[in-house]
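Everything below belongs to entry-v3.cif, which stores mmCIF, C-alpha atoms and all ligand atoms.
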data_upload
loop_
_atom_site.label_atom_id
_atom_site.label_comp_id
_atom_site.auth_asym_id
_atom_site.auth_seq_id
_atom_site.Cartn_x
_atom_site.Cartn_y
_atom_site.Cartn_z
CA MET A 291 -35.77 -9.78 -88.11
CA THR A 292 -37.50 -12.92 -89.48
CA ASP A 293 -36.06 -15.09 -92.27
CA LYS A 294 -38.91 -13.92 -94.46
CA SER A 295 -38.02 -10.27 -93.99
CA ILE A 296 -34.39 -11.05 -94.86
CA ASP A 297 -35.66 -12.58 -98.13
CA LYS A 298 -37.83 -9.58 -98.85
CA GLY A 299 -35.32 -7.00 -97.70
CA ARG A 300 -35.99 -4.23 -95.24
CA ILE A 301 -37.93 -1.03 -95.72
CA LEU A 302 -36.16 2.18 -94.76
CA LEU A 303 -38.78 4.67 -93.56
CA ALA A 304 -37.93 8.39 -93.42
CA PRO A 305 -41.05 10.56 -92.94
CA THR A 306 -39.10 13.64 -91.84
CA GLY A 307 -41.19 16.06 -89.78
CA TRP A 308 -44.16 13.70 -89.59
CA SER A 309 -45.30 11.25 -86.90
CA THR A 310 -42.96 8.29 -87.34
CA GLU A 311 -45.07 6.01 -85.11
CA LEU A 312 -48.12 6.52 -87.28
CA TRP A 313 -46.30 5.52 -90.49
CA ILE A 314 -44.59 2.55 -88.78
CA ASP A 315 -47.95 1.32 -87.47
CA GLU A 316 -49.51 1.49 -90.93
CA LEU A 317 -46.52 -0.33 -92.47
CA ALA A 318 -46.68 -3.00 -89.77
CA LYS A 319 -50.39 -3.54 -90.54
CA ALA A 320 -49.99 -3.53 -94.31
CA ALA A 321 -46.78 -5.57 -94.46
CA PRO A 322 -46.49 -7.79 -91.37
CA ASP A 323 -43.92 -9.93 -93.19
CA ARG A 324 -41.55 -7.03 -93.95
CA ALA A 325 -39.07 -5.47 -91.53
CA VAL A 326 -38.98 -1.69 -91.22
CA THR A 327 -36.09 0.44 -90.03
CA LEU A 328 -35.65 4.16 -89.48
CA GLU A 329 -31.87 4.08 -89.92
CA PRO A 330 -29.70 1.86 -92.11
CA GLU A 331 -26.99 -0.08 -90.36
CA GLY A 332 -24.26 1.99 -91.89
CA GLU A 333 -24.43 3.85 -95.19
CA THR A 334 -23.89 0.65 -97.22
CA ASP A 335 -26.50 -1.48 -95.40
CA PRO A 336 -27.24 -4.32 -97.89
CA SER A 337 -30.48 -5.38 -96.17
CA ILE A 338 -32.48 -2.39 -97.42
CA HIS A 339 -34.50 -2.91 -100.59
CA TYR A 340 -37.05 -0.07 -100.41
CA ALA A 341 -37.03 3.50 -99.13
CA VAL A 342 -40.30 5.22 -98.21
CA VAL A 343 -39.50 8.89 -97.79
CA TRP A 344 -40.62 12.45 -97.22
CA LYS A 345 -37.70 14.94 -97.24
CA GLN A 346 -35.10 12.26 -96.54
CA ARG A 347 -31.74 13.35 -95.17
CA LYS A 348 -29.23 14.14 -97.93
CA GLY A 349 -26.96 11.18 -98.66
CA LEU A 350 -29.20 8.72 -96.77
CA LEU A 351 -29.85 6.60 -99.86
CA SER A 352 -26.76 7.20 -101.93
CA LYS A 353 -24.72 4.10 -101.09
CA LEU A 354 -27.32 1.43 -100.30
CA PRO A 355 -26.20 -1.36 -102.68
CA ASN A 356 -29.50 -3.26 -102.84
CA LEU A 357 -31.96 -0.39 -102.90
CA LYS A 358 -34.56 -1.23 -105.55
CA VAL A 359 -37.25 1.48 -105.40
CA ILE A 360 -37.75 4.86 -103.71
CA PHE A 361 -41.36 5.62 -102.75
CA SER A 362 -42.16 9.30 -102.19
CA LEU A 363 -44.76 9.91 -99.49
CA GLY A 364 -45.93 12.95 -101.44
CA ALA A 365 -47.30 13.54 -104.92
CA GLY A 366 -44.49 16.03 -105.47
CA VAL A 367 -40.93 14.69 -105.62
CA ASP A 368 -38.83 17.85 -105.46
CA HIS A 369 -38.09 16.84 -101.84
CA VAL A 370 -36.57 13.58 -103.11
CA PHE A 371 -34.52 15.28 -105.83
CA SER A 372 -33.20 17.91 -103.44
CA ASP A 373 -30.66 15.18 -102.57
CA THR A 374 -28.31 15.31 -105.54
CA SER A 375 -26.61 12.02 -104.56
CA LEU A 376 -29.69 9.88 -105.25
CA PRO A 377 -28.97 6.38 -106.55
CA ASP A 378 -30.27 5.53 -110.01
CA VAL A 379 -33.32 3.47 -109.00
CA PRO A 380 -36.99 3.98 -109.92
CA ILE A 381 -38.90 6.64 -107.96
CA VAL A 382 -42.62 6.16 -107.38
CA ARG A 383 -44.83 9.06 -106.28
CA VAL A 384 -48.26 9.27 -104.67
CA VAL A 385 -51.32 9.22 -106.89
CA SER A 386 -54.28 8.57 -104.64
CA PRO A 387 -58.01 9.27 -104.80
CA ASP A 388 -57.86 10.43 -101.17
CA LEU A 389 -55.14 13.01 -101.88
CA THR A 390 -56.81 14.15 -105.09
CA THR A 391 -60.17 14.62 -103.37
CA ARG A 392 -58.57 16.63 -100.57
CA MET A 393 -56.80 18.89 -103.07
CA SER A 394 -59.96 19.50 -105.09
CA GLU A 395 -61.78 20.40 -101.86
CA TYR A 396 -59.07 22.97 -101.11
CA VAL A 397 -59.24 24.39 -104.64
CA VAL A 398 -63.04 24.66 -104.68
CA TRP A 399 -62.99 26.17 -101.15
CA GLN A 400 -60.47 28.87 -102.09
CA VAL A 401 -62.01 29.65 -105.48
CA LEU A 402 -65.47 30.01 -103.93
CA ASP A 403 -64.08 32.12 -101.10
CA HIS A 404 -62.63 34.66 -103.53
CA HIS A 405 -65.58 34.44 -105.90
CA ARG A 406 -68.06 35.06 -103.04
CA LEU A 407 -65.92 37.86 -101.54
CA GLY A 408 -64.95 35.99 -98.37
CA PRO A 409 -61.94 38.22 -97.54
CA HIS A 410 -64.13 41.36 -97.97
CA TYR A 411 -66.92 40.10 -95.70
CA ARG A 412 -64.48 38.87 -93.04
CA ALA A 413 -62.85 42.30 -92.96
CA GLN A 414 -66.29 43.92 -92.61
CA GLN A 415 -67.19 41.55 -89.80
CA ALA A 416 -63.96 42.38 -87.94
CA ASP A 417 -64.92 46.06 -88.16
CA ARG A 418 -68.63 45.38 -87.29
CA ILE A 419 -69.77 46.83 -90.60
CA TRP A 420 -73.08 45.69 -92.13
CA LEU A 421 -73.00 45.00 -95.86
CA GLU A 422 -72.34 47.85 -98.21
CA ASP A 423 -73.81 46.52 -101.42
CA LYS A 424 -71.03 44.97 -103.50
CA ASP A 425 -71.51 43.34 -106.89
CA GLN A 426 -71.22 39.57 -106.94
CA ALA A 427 -70.36 38.03 -110.29
CA ALA A 428 -71.98 34.80 -111.42
CA ALA A 429 -69.71 31.75 -111.47
CA ALA A 430 -70.39 31.49 -115.19
CA ASP A 431 -68.75 34.90 -115.66
CA ILE A 432 -65.52 33.78 -113.99
CA THR A 433 -62.79 31.72 -115.63
CA VAL A 434 -60.50 29.72 -113.38
CA GLY A 435 -57.11 29.04 -114.99
CA ILE A 436 -55.35 25.94 -113.72
CA MET A 437 -51.57 25.79 -114.06
CA GLY A 438 -50.82 22.05 -114.14
CA LEU A 439 -53.42 19.74 -115.67
CA GLY A 440 -52.14 16.51 -114.12
CA GLU A 441 -53.78 14.20 -111.61
CA LEU A 442 -54.73 17.07 -109.31
CA GLY A 443 -55.37 19.82 -111.84
CA SER A 444 -57.69 17.76 -114.02
CA ASP A 445 -59.83 16.64 -111.05
CA ALA A 446 -60.05 20.23 -109.76
CA ALA A 447 -61.07 21.34 -113.27
CA ALA A 448 -63.97 18.88 -113.32
CA LYS A 449 -65.21 19.93 -109.86
CA LEU A 450 -64.98 23.65 -110.62
CA GLN A 451 -67.08 23.10 -113.73
CA VAL A 452 -69.77 21.45 -111.60
CA MET A 453 -69.88 24.72 -109.62
CA GLY A 454 -70.50 26.60 -112.88
CA PHE A 455 -67.06 28.15 -113.48
CA LYS A 456 -65.43 28.31 -116.88
CA VAL A 457 -62.03 26.62 -116.77
CA SER A 458 -58.83 27.02 -118.77
CA GLY A 459 -55.60 25.14 -118.19
CA TRP A 460 -51.90 25.07 -118.91
CA SER A 461 -49.55 22.10 -119.03
CA ARG A 462 -46.16 21.17 -120.48
CA THR A 463 -47.59 18.96 -123.22
CA GLN A 464 -50.90 19.58 -124.96
CA LYS A 465 -53.88 18.07 -123.11
CA GLN A 466 -57.51 17.45 -123.91
CA VAL A 467 -59.60 17.81 -120.77
CA GLU A 468 -63.39 17.79 -120.93
CA GLY A 469 -64.76 21.35 -120.99
CA VAL A 470 -61.33 22.95 -120.44
CA ALA A 471 -59.66 25.43 -122.81
CA CYS A 472 -56.21 23.83 -122.83
CA HIS A 473 -52.94 25.69 -123.48
CA ALA A 474 -49.47 24.17 -123.42
CA GLY A 475 -45.80 24.99 -123.21
CA PRO A 476 -43.98 28.31 -123.10
CA GLU A 477 -45.64 29.24 -126.41
CA GLY A 478 -49.11 28.80 -124.89
CA LEU A 479 -48.42 30.68 -121.66
CA ASP A 480 -49.37 34.23 -122.66
CA ALA A 481 -52.74 33.16 -124.10
CA PHE A 482 -53.40 31.14 -120.94
CA LEU A 483 -52.53 34.10 -118.70
CA ALA A 484 -54.93 36.29 -120.62
CA SER A 485 -57.70 33.70 -120.32
CA ALA A 486 -58.60 33.61 -116.61
CA ASP A 487 -59.64 35.62 -113.55
CA ILE A 488 -58.57 33.23 -110.79
CA PHE A 489 -55.35 31.22 -111.21
CA VAL A 490 -54.89 27.91 -109.39
CA VAL A 491 -51.34 26.55 -109.38
CA LEU A 492 -50.89 22.78 -109.22
CA LEU A 493 -47.51 22.50 -110.91
CA PRO A 494 -44.59 20.40 -109.71
CA LEU A 495 -41.41 22.22 -108.69
CA THR A 496 -38.76 21.47 -111.32
CA PRO A 497 -35.90 23.45 -112.87
CA ASP A 498 -38.41 24.65 -115.52
CA THR A 499 -41.05 25.86 -113.08
CA SER A 500 -38.88 27.40 -110.36
CA GLU A 501 -40.22 30.91 -109.53
CA ILE A 502 -42.52 30.80 -112.53
CA LEU A 503 -44.97 32.87 -110.46
CA ASN A 504 -43.20 36.16 -110.89
CA ARG A 505 -43.86 39.76 -111.81
CA ASP A 506 -43.62 39.14 -115.55
CA VAL A 507 -46.31 36.44 -115.34
CA PHE A 508 -48.55 38.55 -113.05
CA SER A 509 -48.32 41.48 -115.45
CA LYS A 510 -49.62 39.28 -118.30
CA MET A 511 -52.68 38.07 -116.36
CA THR A 512 -55.87 39.72 -117.54
CA LYS A 513 -57.11 42.72 -115.52
CA ARG A 514 -60.43 42.98 -117.33
CA GLY A 515 -62.45 40.34 -115.47
CA PRO A 516 -65.28 40.77 -112.96
CA LEU A 517 -62.82 40.57 -110.04
CA GLY A 518 -60.73 43.44 -111.37
CA ALA A 519 -57.20 42.19 -110.82
CA PRO A 520 -56.52 38.46 -110.84
CA VAL A 521 -56.49 36.16 -107.82
CA LEU A 522 -53.63 33.68 -107.33
CA ILE A 523 -54.05 30.39 -105.47
CA ASN A 524 -50.84 28.35 -105.08
CA ALA A 525 -51.05 24.83 -103.66
CA GLY A 526 -48.16 23.45 -105.74
CA ARG A 527 -44.86 24.33 -104.09
CA GLY A 528 -43.38 27.44 -102.50
CA GLY A 529 -40.41 27.28 -104.87
CA LEU A 530 -42.79 28.09 -107.74
CA GLN A 531 -43.32 31.60 -106.38
CA ASN A 532 -41.15 34.70 -106.20
CA GLU A 533 -42.43 35.97 -102.86
CA THR A 534 -41.07 39.50 -103.19
CA ASP A 535 -42.89 39.81 -106.52
CA ILE A 536 -46.16 38.53 -104.99
CA LEU A 537 -46.03 41.16 -102.24
CA SER A 538 -45.29 44.01 -104.62
CA ALA A 539 -47.95 42.76 -107.09
CA LEU A 540 -50.53 42.82 -104.26
CA ASP A 541 -49.50 46.27 -103.15
CA GLU A 542 -49.60 47.65 -106.71
CA GLY A 543 -52.87 45.94 -107.66
CA LEU A 544 -51.36 43.55 -110.25
CA LEU A 545 -52.95 40.84 -108.09
CA SER A 546 -56.10 41.48 -106.08
CA ALA A 547 -55.62 38.68 -103.54
CA VAL A 548 -53.72 35.43 -103.00
CA SER A 549 -54.30 32.14 -101.22
CA LEU A 550 -51.02 30.40 -100.45
CA ASP A 551 -50.66 26.90 -99.03
CA VAL A 552 -46.94 26.58 -99.76
CA PHE A 553 -43.94 28.81 -99.17
CA GLN A 554 -40.28 29.10 -100.07
CA GLN A 555 -39.46 28.47 -96.43
CA GLU A 556 -41.65 26.12 -94.41
CA PRO A 557 -42.66 26.56 -91.63
CA LEU A 558 -43.29 30.16 -92.66
CA PRO A 559 -41.07 32.30 -90.41
CA PRO A 560 -42.92 34.51 -87.86
CA GLU A 561 -41.47 37.65 -89.42
CA SER A 562 -42.93 36.91 -92.89
CA LEU A 563 -45.07 39.76 -94.24
CA PHE A 564 -47.58 37.20 -95.53
CA TRP A 565 -48.98 36.46 -92.04
CA ALA A 566 -50.70 39.80 -91.55
CA HIS A 567 -51.19 40.97 -95.13
CA PRO A 568 -54.88 41.87 -95.64
CA LYS A 569 -54.90 40.38 -99.16
CA VAL A 570 -53.34 37.05 -98.18
CA THR A 571 -55.14 33.90 -97.05
CA LEU A 572 -52.69 31.27 -95.91
CA THR A 573 -52.73 27.64 -94.84
CA PRO A 574 -49.72 25.67 -93.53
CA HIS A 575 -49.05 23.25 -96.43
CA ALA A 576 -52.31 21.55 -95.59
CA ALA A 577 -54.18 21.61 -98.90
CA ALA A 578 -53.91 17.84 -99.34
CA SER A 579 -52.12 15.98 -96.59
CA SER A 580 -50.61 12.54 -97.09
CA VAL A 581 -52.71 10.23 -94.93
CA ALA A 582 -50.87 7.10 -93.78
CA SER A 583 -53.96 4.89 -93.69
CA SER A 584 -54.71 5.52 -97.36
CA LEU A 585 -51.17 5.69 -98.81
CA ILE A 586 -49.28 2.78 -97.25
CA VAL A 587 -51.36 -0.12 -98.57
CA PRO A 588 -50.88 0.90 -102.23
CA ILE A 589 -47.13 1.33 -101.61
CA VAL A 590 -46.84 -2.17 -100.14
CA ARG A 591 -48.93 -3.57 -103.01
CA GLN A 592 -46.42 -2.06 -105.41
CA MET A 593 -43.53 -3.76 -103.56
CA ASP A 594 -45.37 -7.09 -103.87
CA ALA A 595 -46.11 -6.48 -107.55
CA TYR A 596 -42.52 -5.46 -108.24
CA GLU A 597 -41.28 -8.70 -106.68
CA ARG A 598 -43.68 -10.65 -108.92
CA GLY A 599 -42.02 -8.94 -111.89
CA GLU A 600 -44.89 -6.58 -112.64
CA PRO A 601 -44.23 -2.98 -113.71
CA LEU A 602 -44.26 -0.15 -111.18
CA VAL A 603 -46.94 2.51 -111.65
CA ASN A 604 -46.86 6.27 -110.97
CA LEU A 605 -43.19 6.40 -111.83
CA VAL A 606 -41.36 9.71 -111.84
CA ASP A 607 -39.52 10.75 -114.98
CA ARG A 608 -36.03 11.82 -113.93
CA LYS A 609 -35.60 13.88 -117.11
CA THR A 610 -38.60 16.16 -116.47
CA GLY A 611 -38.26 15.99 -112.67
CA TYR A 612 -41.88 15.02 -111.89
P1 LIG B 701 -48.82 15.61 -112.12
O1 LIG B 701 -47.43 15.20 -112.43
O2 LIG B 701 -49.91 14.64 -112.30
O3 LIG B 701 -49.20 16.93 -112.95
C1 LIG B 701 -48.31 17.97 -113.13
C2 LIG B 701 -48.85 18.90 -114.19
O4 LIG B 701 -47.95 20.00 -114.32
C3 LIG B 701 -48.95 18.24 -115.57
O5 LIG B 701 -50.08 18.69 -116.26
C4 LIG B 701 -47.67 18.74 -116.27
O6 LIG B 701 -47.75 18.81 -117.67
C5 LIG B 701 -47.60 20.14 -115.69
N1 LIG B 701 -46.24 20.68 -115.83
C6 LIG B 701 -45.08 20.17 -115.37
N2 LIG B 701 -44.04 20.93 -115.75
C7 LIG B 701 -44.55 21.94 -116.50
C8 LIG B 701 -43.99 23.01 -117.20
N3 LIG B 701 -42.66 23.22 -117.23
N4 LIG B 701 -44.82 23.84 -117.87
C9 LIG B 701 -46.16 23.64 -117.87
N5 LIG B 701 -46.77 22.63 -117.22
C10 LIG B 701 -45.97 21.78 -116.53
O7 LIG B 701 -48.78 16.13 -110.60
P2 LIG B 701 -49.98 16.19 -109.57
O8 LIG B 701 -51.15 16.83 -110.23
O9 LIG B 701 -50.17 14.87 -108.92
O10 LIG B 701 -49.36 17.16 -108.46
C11 LIG B 701 -48.95 18.47 -108.78
C12 LIG B 701 -48.15 19.09 -107.64
O11 LIG B 701 -49.02 19.41 -106.55
C13 LIG B 701 -47.12 18.18 -106.98
O12 LIG B 701 -45.93 18.11 -107.75
C14 LIG B 701 -46.89 18.85 -105.64
O13 LIG B 701 -45.85 19.79 -105.74
C15 LIG B 701 -48.21 19.57 -105.39
N6 LIG B 701 -48.93 19.02 -104.24
C16 LIG B 701 -49.17 19.85 -103.16
C17 LIG B 701 -49.88 19.38 -102.08
C18 LIG B 701 -50.21 20.29 -100.96
O14 LIG B 701 -50.74 19.82 -99.93
N7 LIG B 701 -50.01 21.58 -101.08
C19 LIG B 701 -50.35 17.99 -102.02
C20 LIG B 701 -50.07 17.23 -103.20
C21 LIG B 701 -49.37 17.72 -104.26
P3 LIG B 701 -47.98 17.47 -118.56
O15 LIG B 701 -49.42 17.08 -118.30
O16 LIG B 701 -47.74 17.91 -119.94
O17 LIG B 701 -47.01 16.45 -118.04
C1 LIG B 702 -47.34 16.32 -101.71
C2 LIG B 702 -47.53 17.27 -100.62
O1 LIG B 702 -46.52 16.53 -102.59
O2 LIG B 702 -48.15 16.92 -99.59
O3 LIG B 702 -48.04 15.29 -101.70
O4 LIG B 702 -47.10 18.41 -100.74
#

Let me see the structure of the file written as structure tokens.
Amino acid sequence: MTDKSIDKGRILLAPTGWSTELWIDELAKAAPDRAVTLEPEGETDPSIHYAVVWKQRKGLLSKLPNLKVIFSLGAGVDHVFSDTSLPDVPIVRVVSPDLTTRMSEYVVWQVLDHHRLGPHYRAQQADRIWLEDKDQAAAADITVGIMGLGELGSDAAAKLQVMGFKVSGWSRTQKQVEGVACHAGPEGLDAFLASADIFVVLLPLTPDTSEILNRDVFSKMTKRGPLGAPVLINAGRGGLQNETDILSALDEGLLSAVSLDVFQQEPLPPESLFWAHPKVTLTPHAAASSVASSLIVPIVRQMDAYERGEPLVNLVDRKTGY
């Protein structure tokens, strides 16, 4: 450790389940004057000033006396809060054009796939069946309802409108988003659910949103649109969905199809019924990956700014949990 890094304090890096070498390399490039460690020297290691984490081990941060800021390596911070012994220091989350672009690509890809009957044509191809004529709605006849009009939801809304879709949205507080019919709060939920044909979920997982995607909500989604029953696309968090309710809603026709990027248990266990369900498209929590080369430099810039006495940005509100 150099004298300089003692002055600046060490960075504790915990990218659980990801390539540690990759994140260390990016930190070494972005902050050559800062020391990085993967383990504190004891639970009260005073040399650590910053923690950069994805799904950190429970208790890892609780007793570090000089910890100043926790940086989440994801946009969502439920993984940080799942440790109930967190110290009371600011938590910064990822807001990045790279992540936002990747998520909007995923959303547009999935919406178009359902809109253009991708699952139907793939099933026909598997059975070597040439097209039986099937109606294709115009994008302008489809409304995509976005649950969560934050950084990701509002960008997806703009890109879906470019494709010609109508867009409605739902958030905790009332929003004004260009071209989007905005609903808010529990009192706005029923009107929102009646407003769309394809539902895209980009909510954070908090005590208020846990298992919000349940039978009651599916039964309030409109069944009158061009797709018949609604389509659900969840790229938020698995904890938002009641998975038993999704399976029964698919089987009973309350939902016509789902695209799921996130699951209650990840990796999805081999015995899960989702793997082989004909109405399920799944991806392995890959809608918008955190890319080290684009996320580390802004994190290190925030450390530098913080040490100059400037305010942190993209702070998480502990009261709302996101
Ligand atoms: P933001 O915090 O920017 O936006 C969250 C949105 O959800 C806001 O519009 C907020 O409302 C709304 N919201 C929060 N709680 C409620 C509630 N109780 N009722 C109604 N609306 C609510 O988050 P991001 O857009 O950056 O990210 C959203 C989530 O996407 C992340 O938390 C993460 O879980 C997930 N994600 C998944 C990835 C993947 O690869 N699958 C990658 C990246 C993120 P308001 O505007 O009023 O605050
Ligand atoms: C995130 C994620 O929250 O990758 O950024 O899920």

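Using all atoms listed in the file, we find that the residues with an atom at most 7 Å from any atom of ligand LIG 702 (chain B) are A:Leu363, A:Gly364, A:Ala365, A:Gly366, A:Val367, A:Val384, A:His575, A:Ala578, A:Ser579, A:Ser580.
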
For Met437 of chain A, the nearest of the candidates A:Lys609, A:Gly526, A:Ile381, A:Gln451, counting all atoms listed in the file: A:Gly526

Give as JSON, numbers by chain the residues surrounding ligand LIG 701 (chain B) up to a distance of 8 Å, considering all atoms listed in the file. {"A": [364, 365, 366, 367, 368, 384, 385, 389, 390, 393, 437, 438, 439, 440, 441, 442, 443, 444, 460, 461, 462, 463, 464, 465, 474, 475, 476, 492, 493, 494, 495, 496, 498, 499, 524, 525, 526, 527, 551, 552, 575, 576, 577, 578, 579, 580, 610, 612]}

In Å, rounded to a single decimal, give me how far atom CA of Ala321 of chain A is from atom CA of Asn604 of chain A. 20.3 Å

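Distance annotation: of A:Leu605, A:Leu517, A:Ala481, A:Ile502, the residue with the minimal separation from Asp425 of chain A is A:Leu517; atom set is all atoms listed in the file.
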
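Across the model, the gap from atom CA of Ser362 of chain A to atom CA of Arg383 of chain A is 4.9 Å.
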
Of the residues A:Gly435, A:Gly299, A:Gly408, A:Pro305, which is the one nearest to Lys569 of chain A, using only C-alpha atoms? A:Gly408

Which polymer residues have any atom within 8 Å of an atom of Leu317 of chain A, counting all atoms listed in the file, with same-chain residues fewer than 2 positions away left out, as a PDB file with C-alpha atoms, keeping the file's coordinate frame?
ATOM      1  CA  TRP A 313     -46.300   5.520 -90.490  1.00  0.00           C
ATOM      2  CA  ILE A 314     -44.590   2.550 -88.780  1.00  0.00           C
ATOM      3  CA  ASP A 315     -47.950   1.320 -87.470  1.00  0.00           C
ATOM      4  CA  LYS A 319     -50.390  -3.540 -90.540  1.00  0.00           C
ATOM      5  CA  ALA A 320     -49.990  -3.530 -94.310  1.00  0.00           C
ATOM      6  CA  ALA A 321     -46.780  -5.570 -94.460  1.00  0.00           C
ATOM      7  CA  PRO A 322     -46.490  -7.790 -91.370  1.00  0.00           C
ATOM      8  CA  VAL A 326     -38.980  -1.690 -91.220  1.00  0.00           C
ATOM      9  CA  ILE A 586     -49.280   2.780 -97.250  1.00  0.00           C
ATOM     10  CA  VAL A 587     -51.360  -0.120 -98.570  1.00  0.00           C
ATOM     11  CA  VAL A 590     -46.840  -2.170-100.140  1.00  0.00           C
TER      12      VAL A 590
END

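Pairwise distance (atom CA of Asp535 of chain A, atom CA of Phe508 of chain A) equals 8.7 Å.
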
Quick one: axis-aligned box around all listed atoms of segment 334-346 of chain A, 5 Å on every side, centre and edge lengths in Å to one decimal, written as lines of an AutoDock Vina configuration file.
center_x = -32.3
center_y = 4.8
center_z = -98.0
size_x = 26.7
size_y = 30.3
size_z = 15.2

Rank nothing, just name the residue among A:Ser309, A:Ser337, A:Ser485, A:Gln555 nearest to Leu357 of chain A, using only C-alpha atoms. A:Ser337

Distance criterion (only C-alpha atoms): nearest to Ala446 of chain A out of A:Lys358, A:Arg300, A:His567, A:Arg392: A:Arg392
